[in-house]
Amino acid sequence: MLAASDLELTGRLHGITAELRPGELTAICGPNGAGKSSLLACLAGLIAPDQGEATLEARPVNAIPARERARAIGYLPQVHEAAWDISVETLVALGRLPHADADCAAIEAAITRMDLTALRHRPLSCLSGGETARAHLARVLAGTPRWILADEPLANLDLGHAAALLTTLKALTREGAGVVVVLHDLASAMNHADRVLVLAEGRLNADGAPEQALRDDNIARCWGVQMRWLGEPGRRALAPAG
C-alpha cells in the first residue's frame with residue numbers, strides 16, 4: 001500500500017489523504033496548478049511535506065533508505081533530462097543501478113515494451129521528444145519496481161505510442177504493480193484508469209471510480225468548463241456541452 005496521510009505542502013497541497021493499492025492504475029487529474037506533480041513527488045519521497053506523511057507499506061517513505069526506495073518505487077518526472085549524451089540502451093540499463101545485478105533480461109524487456117529496439121544504439125540527442133519520453137520510461141521499467149509513478153507520461157507521445165503505453169501500464173497492474181500517473185487527458189483517465197483522484201487548488205476534490213470522479217458536474221466545478229461524455233464505457237470521449 002502506498003498512502004498519503006493529511007499531506008500539507010505550503011501553497012501546493014492541503015490535507016491530502018489517500019490509500020493507493022497495488023494492481024490498480026490510479027490517475028491523478030486536475031487543472032494546472034492543482035498540486036498533481038507535488039503529490040506525486042511526495043509519494044515518491046522526493047519532497048518532504050510540511051505536515052502529514054507518505055507511507056509505503058506503513059513505513060514513512062522519506063525514512064526508507066534511498067537504494068531500497070528506488071527498488072520499490074520507479075519515478076518518471078515530467079521533464080526528462082540526462083547529464084550525458086548516452087545511448088538509449090545505456091540509459092535503460094541505468095534503471096538497474098539500485099539492484100545488485102545488471103539483469104540483461106529486464107533491460108531487454110523494457111526496451112521491447114517501449115518499442116525501442118530499433119533505437120537502442122541511438123544517442124539521446126538524436127531522439128524526438130516522444131522517443132526520449134519512451135526511453136526514460138524504459139529506464140524506470142528496467143528497475144522492475146513494485147510501484148511506478150509517472151508525471152504526464154503521455155506528453156509528447158503520438159497517438160499510437162500513447163495507446164500502447166496505456167496498454168503497457170494496464171498490463172503491469174495485472175502483473176501486480178501499482179501504477180500512479182498524472183494525466184491531463186481526461187478521456188484516457190476515464191477509459192483506462194481503475195481509480196481517479198481529482199485535485200483542485202491543492203485539495204482532493206474527488207476520489208473514486210472514473211465514472212464518479214469525472215462526472216460532468218465535477219469537471220465543471222474543477223476545470224470551469226461545461227463538458228459532457230459521449231460514447232460507451234471504455235470508449236468515452238469529451239465534448240462541449242450544449
# chains A, B, ... in the order shown; residues from 1 in each chain; ligands from 1
>>> residues_around(residues="A:Asp194", least_positions_apart="3", cutoff="12 Å", atoms="only C-alpha atoms", output="number ranges by chain")
A: 20-28, 169-170, 173-174, 178-181, 188-191, 197, 207-213, 234
>>> closest_atom_pairs(of="stretch 130-156 of chain A", to="stretch 104-116 of chain A", cutoff="12 Å", atoms="only C-alpha atoms", output="tab-separated table")
residue	atom	partner	partner_atom	distance
A:Gly130	CA	A:Met114	CA	10.9
A:Glu131	CA	A:Leu116	CA	8.0
A:Thr132	CA	A:Leu116	CA	10.1
A:Ala133	CA	A:Met114	CA	9.6
A:Arg134	CA	A:Met114	CA	5.9
A:Ala135	CA	A:Met114	CA	7.2
A:His136	CA	A:Met114	CA	9.6
A:Leu137	CA	A:Met114	CA	7.7
A:Ala138	CA	A:Ala110	CA	5.0
A:Arg139	CA	A:Ala110	CA	7.3
A:Val140	CA	A:Ala110	CA	8.4
A:Leu141	CA	A:Ala110	CA	5.6
A:Ala142	CA	A:Ile107	CA	5.0
A:Gly143	CA	A:Ala106	CA	7.5
A:Thr144	CA	A:Ala106	CA	7.4
A:Pro145	CA	A:Ala106	CA	11.1
>>> write_last_selection(atoms="C-alpha atoms", output="short mmCIF file (atom, residue, chain, number, x, y, z; two decimals), in the first residue's frame")
data_model
loop_
_atom_site.label_atom_id
_atom_site.label_comp_id
_atom_site.auth_asym_id
_atom_site.auth_seq_id
_atom_site.Cartn_x
_atom_site.Cartn_y
_atom_site.Cartn_z
CA GLY A 130 8.32 11.25 -27.76
CA GLU A 131 11.23 8.85 -28.25
CA THR A 132 13.05 10.47 -25.33
CA ALA A 133 9.98 10.02 -23.12
CA ARG A 134 9.76 6.35 -24.04
CA ALA A 135 13.46 5.82 -23.32
CA HIS A 136 13.19 7.33 -19.84
CA LEU A 137 10.12 5.25 -19.05
CA ALA A 138 12.01 2.15 -20.22
CA ARG A 139 14.71 3.07 -17.68
CA VAL A 140 12.04 3.04 -14.96
CA LEU A 141 10.63 -0.30 -16.13
CA ALA A 142 14.10 -1.90 -16.22
CA GLY A 143 14.27 -1.46 -12.46
CA THR A 144 11.18 -3.70 -12.07
CA PRO A 145 9.74 -1.54 -9.27
#
>>> residues_around(residues="stretch 151-168 of chain A", least_positions_apart="2", cutoff="7 Å", atoms="only C-alpha atoms", output="ChimeraX atom specification")
/A:37,76-78,129-130,149,170-172,181-183
>>> atom_distance(atom1="atom CA of A:Leu40", atom2="atom CA of A:Leu94")
21.7 Å
>>> select_by_dssp(residues="stretch 42-194 of chain A", states="strand (DSSP E or B)", output="NGL selection string")
:A and (51-56 or 59-60 or 73-76 or 87 or 123 or 147-151 or 178-182)
